[in-house]
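Source file: structure.cif; contents: mmCIF, C-alpha atoms.
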```
data_input
loop_
_atom_site.label_atom_id
_atom_site.label_comp_id
_atom_site.auth_asym_id
_atom_site.auth_seq_id
_atom_site.Cartn_x
_atom_site.Cartn_y
_atom_site.Cartn_z
CA MET A 1 15.20 20.18 29.21
CA ALA A 2 16.09 16.89 27.64
CA GLN A 3 15.03 15.26 30.87
CA THR A 4 11.66 17.01 30.75
CA ALA A 5 11.15 15.79 27.21
CA GLU A 6 12.11 12.30 28.27
CA ARG A 7 9.66 12.38 31.16
CA GLU A 8 6.89 13.67 28.93
CA ASN A 9 7.70 10.99 26.41
CA ALA A 10 7.40 8.32 29.10
CA VAL A 11 4.06 9.73 30.26
CA ILE A 12 2.71 9.81 26.72
CA ARG A 13 3.86 6.25 26.10
CA GLY A 14 1.95 5.17 29.18
CA LEU A 15 -1.23 6.83 27.93
CA ARG A 16 -1.20 5.30 24.48
CA ARG A 17 -4.15 3.13 23.51
CA SER A 18 -3.84 0.85 20.50
CA PRO A 19 -6.74 0.83 18.03
CA ALA A 20 -7.79 -2.77 18.75
CA VAL A 21 -6.98 -2.98 22.46
CA HIS A 22 -10.65 -3.49 23.28
CA LEU A 23 -10.63 -6.67 21.18
CA ALA A 24 -7.62 -8.26 22.92
CA GLU A 25 -9.78 -10.66 24.94
CA ASP A 26 -11.86 -11.57 21.91
CA PHE A 27 -8.67 -12.32 19.99
CA THR A 28 -7.51 -14.67 22.76
CA ARG A 29 -10.91 -16.36 22.97
CA GLY A 30 -11.25 -16.63 19.20
CA SER A 31 -7.81 -18.09 18.63
CA VAL A 32 -7.77 -21.79 17.84
CA SER A 33 -4.98 -24.25 18.53
CA GLY A 34 -4.29 -27.59 16.92
CA VAL A 35 -3.74 -28.83 13.40
CA GLN A 36 -6.26 -26.43 11.94
CA GLY A 37 -5.44 -23.69 14.42
CA VAL A 38 -5.26 -20.01 13.77
CA THR A 39 -4.38 -17.22 16.17
CA LEU A 40 -4.95 -13.51 15.94
CA ARG A 41 -3.27 -10.80 17.97
CA GLU A 42 -2.55 -7.13 17.73
CA VAL A 43 1.06 -5.98 17.71
CA PRO A 44 0.58 -2.42 18.96
CA PHE A 45 2.53 0.75 18.34
CA LEU A 46 5.04 -0.40 15.74
CA THR A 47 7.05 2.50 14.39
CA MET A 48 6.01 3.27 10.82
CA ILE A 49 7.59 5.89 8.61
CA GLY A 50 6.31 6.75 5.15
CA VAL A 51 9.08 7.28 2.64
CA ARG A 52 8.90 8.56 -0.91
CA ALA A 53 11.85 8.86 -3.25
CA ALA A 54 12.38 8.75 -6.99
CA HIS A 55 14.05 5.57 -8.15
CA GLY A 56 17.70 6.07 -9.04
CA SER A 57 18.00 9.50 -7.40
CA ALA A 58 20.67 10.49 -4.88
CA VAL A 59 17.94 10.68 -2.23
CA TRP A 60 17.01 7.08 -3.01
CA ASP A 61 20.58 5.96 -2.28
CA ARG A 62 20.90 8.03 0.89
CA LEU A 63 17.58 6.86 2.34
CA GLY A 64 18.43 3.30 1.37
CA ALA A 65 21.73 3.52 3.27
CA VAL A 66 19.80 4.32 6.48
CA VAL A 67 17.28 1.50 6.29
CA GLY A 68 19.20 -1.19 4.43
CA GLY A 69 18.05 -0.48 0.88
CA LEU A 70 14.73 0.58 -0.59
CA PRO A 71 12.69 -2.13 -2.35
CA GLU A 72 12.76 -1.93 -6.14
CA ARG A 73 9.93 -4.16 -7.21
CA TYR A 74 6.35 -5.09 -6.39
CA GLY A 75 6.00 -7.10 -3.20
CA GLN A 76 9.63 -6.78 -2.15
CA VAL A 77 10.63 -6.18 1.48
CA THR A 78 14.09 -4.93 2.35
CA GLY A 79 15.65 -3.96 5.66
CA TYR A 80 18.15 -5.06 8.23
CA THR A 81 18.29 -6.80 11.59
CA ALA A 82 19.65 -5.67 14.92
CA ALA A 83 22.75 -7.72 14.26
CA GLY A 84 23.54 -5.33 11.45
CA GLY A 85 23.43 -7.88 8.64
CA ALA A 86 21.54 -6.71 5.60
CA GLY A 87 18.52 -8.90 5.12
CA ASP A 88 16.31 -9.34 2.11
CA SER A 89 12.95 -10.90 1.59
CA ALA A 90 14.49 -14.31 1.03
CA GLY A 91 16.50 -14.20 4.25
CA GLY A 92 13.46 -13.35 6.31
CA ALA A 93 15.58 -11.18 8.56
CA PRO A 94 13.39 -8.07 8.34
CA GLY A 95 10.20 -8.53 10.25
CA THR A 96 11.94 -10.11 13.20
CA ALA A 97 11.36 -8.47 16.55
CA GLN A 98 14.31 -6.12 16.35
CA GLY A 99 14.52 -5.68 12.60
CA VAL A 100 13.72 -2.69 10.47
CA SER A 101 11.76 -3.50 7.32
CA VAL A 102 10.91 -1.48 4.25
CA LEU A 103 7.75 -2.47 2.38
CA TRP A 104 7.08 -1.65 -1.27
CA LEU A 105 3.77 0.21 -1.53
CA GLY A 106 4.28 1.75 -4.96
CA PRO A 107 7.11 2.43 -7.42
CA GLU A 108 8.22 5.41 -5.36
CA GLU A 109 6.39 4.91 -2.08
CA PHE A 110 7.57 2.79 0.83
CA LEU A 111 6.68 2.01 4.42
CA VAL A 112 9.46 1.61 6.96
CA ILE A 113 8.42 -0.58 9.88
CA ALA A 114 10.50 -0.78 13.04
CA PRO A 115 9.96 -1.97 16.61
CA ASP A 116 8.18 0.23 19.12
CA ALA A 117 11.34 1.72 20.63
CA PRO A 118 11.01 4.78 22.89
CA ASP A 119 13.66 6.54 20.87
CA ALA A 120 12.79 5.40 17.34
CA LEU A 121 11.07 8.68 16.64
CA ASP A 122 12.64 11.35 18.79
CA GLY A 123 16.08 11.90 20.19
CA GLY A 124 18.37 9.36 21.75
CA THR A 125 19.95 6.38 20.13
CA PHE A 126 17.64 4.12 18.25
CA ASP A 127 18.72 0.72 19.51
CA GLY A 128 17.13 -1.19 16.65
CA GLY A 129 20.65 -1.41 15.28
CA ALA A 130 22.69 0.26 12.63
CA ALA A 131 22.23 -0.08 8.92
CA ASP A 132 24.57 -2.33 7.06
CA GLY A 133 27.69 -0.35 6.33
CA GLY A 134 26.62 2.41 8.67
CA ALA A 135 24.82 5.47 7.41
CA ALA A 136 26.51 8.82 7.72
CA ASP A 137 23.82 10.37 9.87
CA GLY A 138 21.32 7.67 10.71
CA GLY A 139 21.33 4.49 12.70
CA ALA A 140 24.41 4.30 14.80
CA GLY A 141 25.33 7.78 15.83
CA GLY A 142 22.91 8.77 18.57
CA VAL A 143 20.17 9.72 16.13
CA SER A 144 16.67 8.31 15.94
CA LEU A 145 15.53 6.34 12.92
CA LEU A 146 13.22 9.17 11.93
CA SER A 147 15.81 11.90 12.23
CA GLY A 148 18.32 9.68 10.45
CA LEU A 149 15.94 9.42 7.53
CA LEU A 150 15.14 13.14 7.64
CA ALA A 151 18.85 13.93 7.60
CA ALA A 152 19.27 11.61 4.60
CA LEU A 153 16.44 13.38 2.82
CA ALA A 154 18.23 16.70 3.42
CA GLY A 155 15.39 18.74 1.95
CA ASP A 156 15.68 17.17 -1.50
CA PRO A 157 12.55 16.06 -3.40
CA GLY A 158 11.06 13.14 -1.50
CA GLN A 159 9.23 12.51 1.73
CA VAL A 160 9.85 11.15 5.22
CA VAL A 161 6.81 11.24 7.50
CA ASP A 162 6.07 9.57 10.83
CA LEU A 163 2.96 7.45 10.16
CA SER A 164 3.06 5.31 13.29
CA SER A 165 -0.49 6.23 14.30
CA ASN A 166 -1.87 5.68 10.81
CA ARG A 167 -2.05 1.91 10.95
CA THR A 168 -2.06 -0.84 13.52
CA THR A 169 -0.66 -4.34 13.08
CA PHE A 170 -2.49 -7.64 13.26
CA GLU A 171 -0.68 -10.92 13.26
CA LEU A 172 -2.66 -13.84 11.90
CA ALA A 173 -0.79 -17.10 12.34
CA GLY A 174 -1.34 -20.83 12.32
CA PRO A 175 -2.00 -23.63 9.84
CA SER A 176 -5.38 -22.12 8.92
CA ALA A 177 -4.21 -18.51 8.62
CA ARG A 178 -4.16 -18.65 4.83
CA ALA A 179 -7.61 -20.24 4.73
CA VAL A 180 -9.00 -17.42 6.87
CA LEU A 181 -7.46 -14.77 4.63
CA GLU A 182 -8.55 -16.47 1.42
CA LYS A 183 -12.16 -15.98 2.42
CA SER A 184 -11.82 -12.24 2.09
CA CYS A 185 -8.77 -11.48 -0.01
CA ALA A 186 -8.85 -12.09 -3.75
CA LEU A 187 -5.07 -12.39 -4.10
CA ASP A 188 -3.49 -15.75 -4.85
CA LEU A 189 -2.03 -16.48 -1.41
CA HIS A 190 -0.59 -19.89 -2.29
CA PRO A 191 3.06 -19.95 -1.10
CA ARG A 192 4.11 -20.65 -4.69
CA GLU A 193 2.77 -17.26 -5.73
CA PHE A 194 2.78 -15.26 -2.49
CA THR A 195 6.14 -16.23 -1.03
CA VAL A 196 7.40 -15.60 2.49
CA GLY A 197 8.71 -12.04 2.66
CA THR A 198 6.19 -10.61 0.21
CA ALA A 199 4.20 -7.54 1.20
CA VAL A 200 1.50 -5.90 -0.90
CA ASN A 201 -1.18 -3.28 -0.64
CA THR A 202 -4.55 -4.88 -1.30
CA GLN A 203 -8.11 -5.26 -0.15
CA ILE A 204 -9.16 -7.54 2.71
CA GLY A 205 -12.84 -7.84 3.31
CA LEU A 206 -14.13 -4.43 2.40
CA ILE A 207 -11.12 -2.40 3.41
CA PRO A 208 -7.68 -1.59 2.00
CA ALA A 209 -4.80 -3.00 3.99
CA VAL A 210 -1.16 -3.94 3.62
CA LEU A 211 -0.62 -7.69 3.76
CA TRP A 212 2.79 -9.17 4.53
CA ARG A 213 3.66 -12.85 4.70
CA VAL A 214 6.27 -13.04 7.45
CA ASP A 215 6.40 -16.83 7.60
CA ASP A 216 4.92 -19.93 5.92
CA ASP A 217 1.75 -19.62 7.97
CA ALA A 218 2.05 -16.20 9.55
CA PHE A 219 0.79 -12.95 8.09
CA ARG A 220 1.00 -9.38 9.27
CA ILE A 221 -1.89 -7.18 8.29
CA PHE A 222 -1.72 -3.41 8.54
CA PRO A 223 -5.18 -1.82 8.50
CA ARG A 224 -5.77 1.87 9.03
CA ALA A 225 -6.40 2.57 12.73
CA SER A 226 -10.07 3.40 12.17
CA PHE A 227 -10.60 0.06 10.39
CA ALA A 228 -8.92 -1.99 13.13
CA ASP A 229 -12.18 -2.75 14.93
CA PHE A 230 -13.89 -3.82 11.72
CA LEU A 231 -11.02 -5.96 10.46
CA GLY A 232 -10.49 -7.53 13.90
CA ARG A 233 -14.11 -8.63 14.12
CA TRP A 234 -14.11 -9.64 10.46
CA LEU A 235 -11.11 -11.94 10.92
CA LEU A 236 -12.54 -13.38 14.16
CA ASP A 237 -15.68 -14.26 12.24
CA GLY A 238 -13.55 -15.96 9.60
CA MET A 239 -11.72 -17.94 12.30
CA ARG A 240 -14.86 -19.32 13.95
CA GLU A 241 -15.31 -22.32 11.70
CA PHE A 242 -11.85 -23.65 12.59
CA ALA A 243 -12.81 -23.88 16.26
CA ALA A 244 -15.49 -26.43 15.36
CA VAL A 245 -14.67 -30.11 15.23
CA GLU A 246 -14.03 -31.08 11.64
CA VAL A 247 -16.80 -33.19 10.18
CA HIS A 248 -15.75 -35.86 7.72
CA MET B 1 -16.02 -8.96 -11.44
CA LEU B 2 -13.45 -7.76 -13.96
CA LEU B 3 -9.76 -8.46 -13.52
CA PHE B 4 -7.56 -5.46 -14.37
CA SER B 5 -3.86 -5.84 -15.10
CA CYS B 6 -2.20 -3.10 -13.09
CA PRO B 7 1.13 -2.18 -14.75
CA ASN B 8 2.80 -2.34 -11.33
CA CYS B 9 0.89 -4.99 -9.38
CA GLY B 10 -0.43 -7.41 -12.01
CA PRO B 11 -3.98 -8.75 -12.14
CA ARG B 12 -6.26 -7.35 -9.43
CA ASP B 13 -9.98 -7.13 -8.81
CA GLU B 14 -11.79 -4.23 -10.40
CA THR B 15 -12.94 -3.08 -6.93
CA GLU B 16 -9.35 -2.07 -6.10
CA PHE B 17 -9.45 0.59 -8.82
CA HIS B 18 -11.10 3.94 -9.28
CA TYR B 19 -12.21 5.42 -12.54
CA GLY B 20 -10.74 8.67 -13.82
CA GLY B 21 -12.88 9.37 -16.85
CA GLN B 22 -11.97 9.68 -20.49
CA ALA B 23 -8.26 9.70 -21.34
CA HIS B 24 -6.54 11.97 -23.86
CA VAL B 25 -8.60 15.11 -23.24
CA PRO B 26 -6.01 17.79 -24.07
CA TYR B 27 -5.84 20.88 -21.90
CA PRO B 28 -6.71 23.92 -24.03
CA LYS B 29 -3.64 25.64 -25.48
CA ASP B 30 -4.86 29.05 -24.37
CA ALA B 31 -7.40 28.48 -21.60
CA ASP B 32 -7.86 32.20 -20.92
CA ALA B 33 -9.08 32.79 -24.46
CA LEU B 34 -11.93 30.27 -24.24
CA THR B 35 -15.54 31.34 -24.00
CA ASP B 36 -17.54 30.01 -21.07
CA LYS B 37 -19.21 27.54 -23.39
CA GLU B 38 -15.90 26.20 -24.71
CA TRP B 39 -14.49 26.00 -21.19
CA SER B 40 -17.50 24.08 -19.90
CA GLU B 41 -17.21 21.73 -22.85
CA PHE B 42 -13.57 21.10 -21.99
CA LEU B 43 -14.44 20.50 -18.35
CA PHE B 44 -17.60 18.46 -18.59
CA TYR B 45 -18.30 17.19 -22.11
CA ARG B 46 -17.00 13.69 -22.76
CA ASP B 47 -17.45 11.12 -25.48
CA ASN B 48 -20.00 8.39 -24.94
CA THR B 49 -18.44 5.82 -27.19
CA ARG B 50 -20.02 2.53 -28.12
CA GLY B 51 -17.02 0.26 -28.55
CA ASP B 52 -13.37 0.89 -27.77
CA PHE B 53 -12.97 3.68 -25.24
CA ALA B 54 -9.72 5.02 -23.75
CA GLU B 55 -10.04 5.84 -20.07
CA ARG B 56 -7.95 6.62 -17.02
CA TRP B 57 -7.84 4.41 -13.93
CA VAL B 58 -6.01 4.55 -10.63
CA HIS B 59 -5.08 1.53 -8.51
CA SER B 60 -6.32 3.16 -5.34
CA THR B 61 -5.92 0.26 -2.89
CA GLY B 62 -2.66 -0.91 -4.45
CA CYS B 63 0.25 1.08 -5.82
CA ARG B 64 -1.86 4.26 -6.09
CA GLN B 65 -0.59 4.92 -9.62
CA TRP B 66 -2.59 6.08 -12.63
CA PHE B 67 -2.64 4.34 -15.98
CA ASN B 68 -4.66 4.31 -19.19
CA MET B 69 -6.83 1.49 -20.36
CA LEU B 70 -8.57 0.74 -23.65
CA ARG B 71 -11.88 -0.96 -22.91
CA ASP B 72 -14.77 -2.05 -25.08
CA THR B 73 -17.85 -0.42 -23.58
CA VAL B 74 -20.11 -3.13 -25.00
CA SER B 75 -18.27 -6.34 -24.16
CA TYR B 76 -16.09 -4.93 -21.34
CA ASP B 77 -13.17 -6.56 -23.09
CA ILE B 78 -9.93 -4.86 -21.98
CA LYS B 79 -7.90 -4.32 -25.15
CA ALA B 80 -4.81 -2.62 -23.70
CA VAL B 81 -3.27 -1.15 -20.57
CA TYR B 82 -0.67 1.55 -21.20
CA PRO B 83 1.15 4.29 -19.26
CA MET B 84 -0.15 7.79 -18.72
CA GLY B 85 1.11 10.05 -21.48
CA ASP B 86 1.29 7.38 -24.17
CA SER B 87 -1.00 7.73 -27.17
CA ARG B 88 -3.84 5.31 -27.80
CA PRO B 89 -2.33 2.05 -28.98
CA ASP B 90 -5.10 1.52 -31.56
CA GLN B 91 -4.59 4.88 -33.21
CA PRO B 92 -1.81 6.46 -35.33
CA PRO B 93 1.06 8.07 -33.39
CA ALA B 94 0.45 11.23 -31.44
CA ASP B 95 -0.36 14.40 -33.32
CA ALA B 96 0.53 17.83 -32.04
CA ALA B 97 -2.29 18.02 -29.53
CA GLN B 98 -1.45 14.69 -27.96
CA THR B 99 2.23 15.53 -27.76
CA GLN B 100 1.30 18.61 -25.79
CA GLN B 101 -0.90 16.56 -23.48
CA LYS B 102 1.91 14.11 -22.92
CA GLY B 103 4.15 16.93 -21.75
CA GLN B 104 1.60 18.02 -19.20
CA GLN B 105 0.87 14.59 -17.84
CA SER B 106 4.36 13.31 -17.37
#
```

Please express what this file holds, its structure, as structure tokens.
Amino acid sequence: MAQTAERENAVIRGLRRSPAVHLAEDFTRGSVSGVQGVTLREVPFLTMIGVRAAHGSAVWDRLGAVVGGLPERYGQVTGYTAAGGAGDSAGGAPGTAQGVSVLWLGPEEFLVIAPDAPDALDGGTFDGGAADGGAADGGAGGVSLLSGLLAALAGDPGQVVDLSSNRTTFELAGPSARAVLEKSCALDLHPREFTVGTAVNTQIGLIPAVLWRVDDDAFRIFPRASFADFLGRWLLDGMREFAAVEVH
Amino acid sequence: MLLFSCPNCGPRDETEFHYGGQAHVPYPKDADALTDKEWSEFLFYRDNTRGDFAERWVHSTGCRQWFNMLRDTVSYDIKAVYPMGDSRPDQPPADAAQTQQKGQQS
């Protein structure tokens, strides 16, 4: 039976279609290299789990043990890497290919982001790594990230929901990435204010999206799946001017 | 464009927020005993103040939390931002009705 489930899982994974897959070629064509370059790509199918817990509760501590700590303040990103070392926003460890990151969306609302692993959501061992210190039920012991979190919740007040299909991920990178974003996001994105490892919920263009600075000139943007087409085209439009030769 | 100071996220554009109407409208102590007229007045009748007005807002594309704001309806000057359940900062401390409302909101 487990084998059947595994086979079905593999079939379903093969059938998945990311929300901006039809724009992939446009993204490649629209990307600009050079000193004022900026590239755009979709990072499809990242595992996303919505978590809610009251600050200071036992649930908060248990959920935190699974994912490497829940963020306590606006903009903070916590998490851990595959190596097992606890990372924080300053270390930049979460957000790496194998890392699990927890984004602050509200005082008691968080978004766990993990790689697209076949077993992140159901069954098997989630090979994204174990939480620092090792959680009792999650991470290491042959349990998926989702079921590890659900076990940590243990029916107490709070929430753990698979939201992987809710949003897609865009990666906007390059020396001009900030300039492109500043056209349509009212936040102060200067690195002095919006440091590497900051993630916030805000408005980009006309739509709400989560914005995360993963590097000095690299941003991850998480729009709702139905807005992916709009935001993709919107950002491409913002990138066009950087393809032109600069006029002095 | 107004800049609102969200208690959680700091200054953000007004377009990130949604309006929740007048603040400090106490739920009737005994709703069942109200006449239809009184009930409709509780539901739909709101002040139309010229000057300082206490209202509820939610940061819908940010932290999704509600808060109260004291705003001048003439100049749009934002006088105060304060948590749900607190009494109006420009008025004397909560009376009995407001204390009851606080219990229901928190």

Query raised in the report: Within 9 Å of chain B, which residues of chain A show up when using all atoms listed in the file, listed as JSON, numbers by chain?
Result: {"A": [73, 74, 75, 104, 105, 106, 107, 109, 186, 187, 200, 201, 202, 203, 207, 208, 209, 210]}

Report task. Please determine the residues with any atom at most 8 Å from (-9.5, -24.7, 23.2) (coordinates as given in the file, with all atoms listed in the file counting) and report them as number ranges by chain. Result -> A: 32-33, 243

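Between CA of Ala154 in chain A and CA of Ala114 in chain A the interatomic distance comes to 21.4 Å.
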
Query raised in the report: Skipping near chain neighbours, those fewer than 3 positions away, what residues fall within 8 Å of range 14-24 of chain A using all atoms listed in the file, listed as a list in words?
Result: Ala10, Val11, Phe27, Thr28, Arg41, Glu42, Pro44, Phe45, Thr168, Ala225, Ser226, Ala228, Asp229 and Gly232 of chain A

**Report entry** Selection result of the PyMOL selection byres ((chain A and resi 53-62) around 7) on this file, as a VMD selection string
**Finding:** chain A and resid 51 to 52 63 to 66 108 to 109 152 to 153 156 158 to 159

Query - Spatial neighbours of Thr73 in chain B, max dist 9 Å, only C-alpha atoms, sep filter under 6 positions, as a list in words - result: Thr49, Arg50, Gly51, Asp52 and Phe53 of chain B

Query raised in the report: Contacts of range 160-166 of chain A at 6 Å or less, counting all atoms listed in the file, minus same-chain residues fewer than 3 places along, as number ranges by chain?
Result: A: 47-51, 224-225

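With all atoms listed in the file as the atoms that count, the minimum distance from Val58 in chain B to the choices B:Met1, B:Asp90, B:Met84, B:His24 is reached by B:Met84.
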
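If only C-alpha atoms are the atoms counted, then among B:Tyr76, B:Tyr82, B:Tyr27, B:Trp57 the closest residue to Leu2 in chain B is B:Tyr76.
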
Query - Residue contacts of range 41-43 of chain B (8 Å, all atoms listed in the file) excluding same-chain residues fewer than 4 positions away, as a PyMOL selection string - result: chain B and resi 25+27-28+37

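Taking CA of His18 in chain B and CA of Phe230 in chain A as the two end points, the separation is 22.6 Å.
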
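Picture a line from CA of Asp47 in chain B to CA of Pro89 in chain B; it runs 18.0 Å.
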
Would you compute the box with edges along x, y and z of the file around range 158-162 of chain A, including every atom the file lists for it and 8 Å extra on each side, and give its centre and edge lengths in Å to one decimal, as lines of an AutoDock Vina configuration file?
```
center_x = 8.6
center_y = 11.4
center_z = 4.7
size_x = 21.0
size_y = 19.6
size_z = 28.3
```

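If only C-alpha atoms are the atoms counted, then among A:Leu150, A:Asp215, A:Leu103, A:Pro175 the closest residue to Leu121 in chain A is A:Leu150.
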
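Among B:Trp39, B:Arg56, B:Leu3, B:Arg46, the residue with the shortest atom-to-atom distance to Ile78 in chain B, counting all atoms listed in the file, is B:Leu3.
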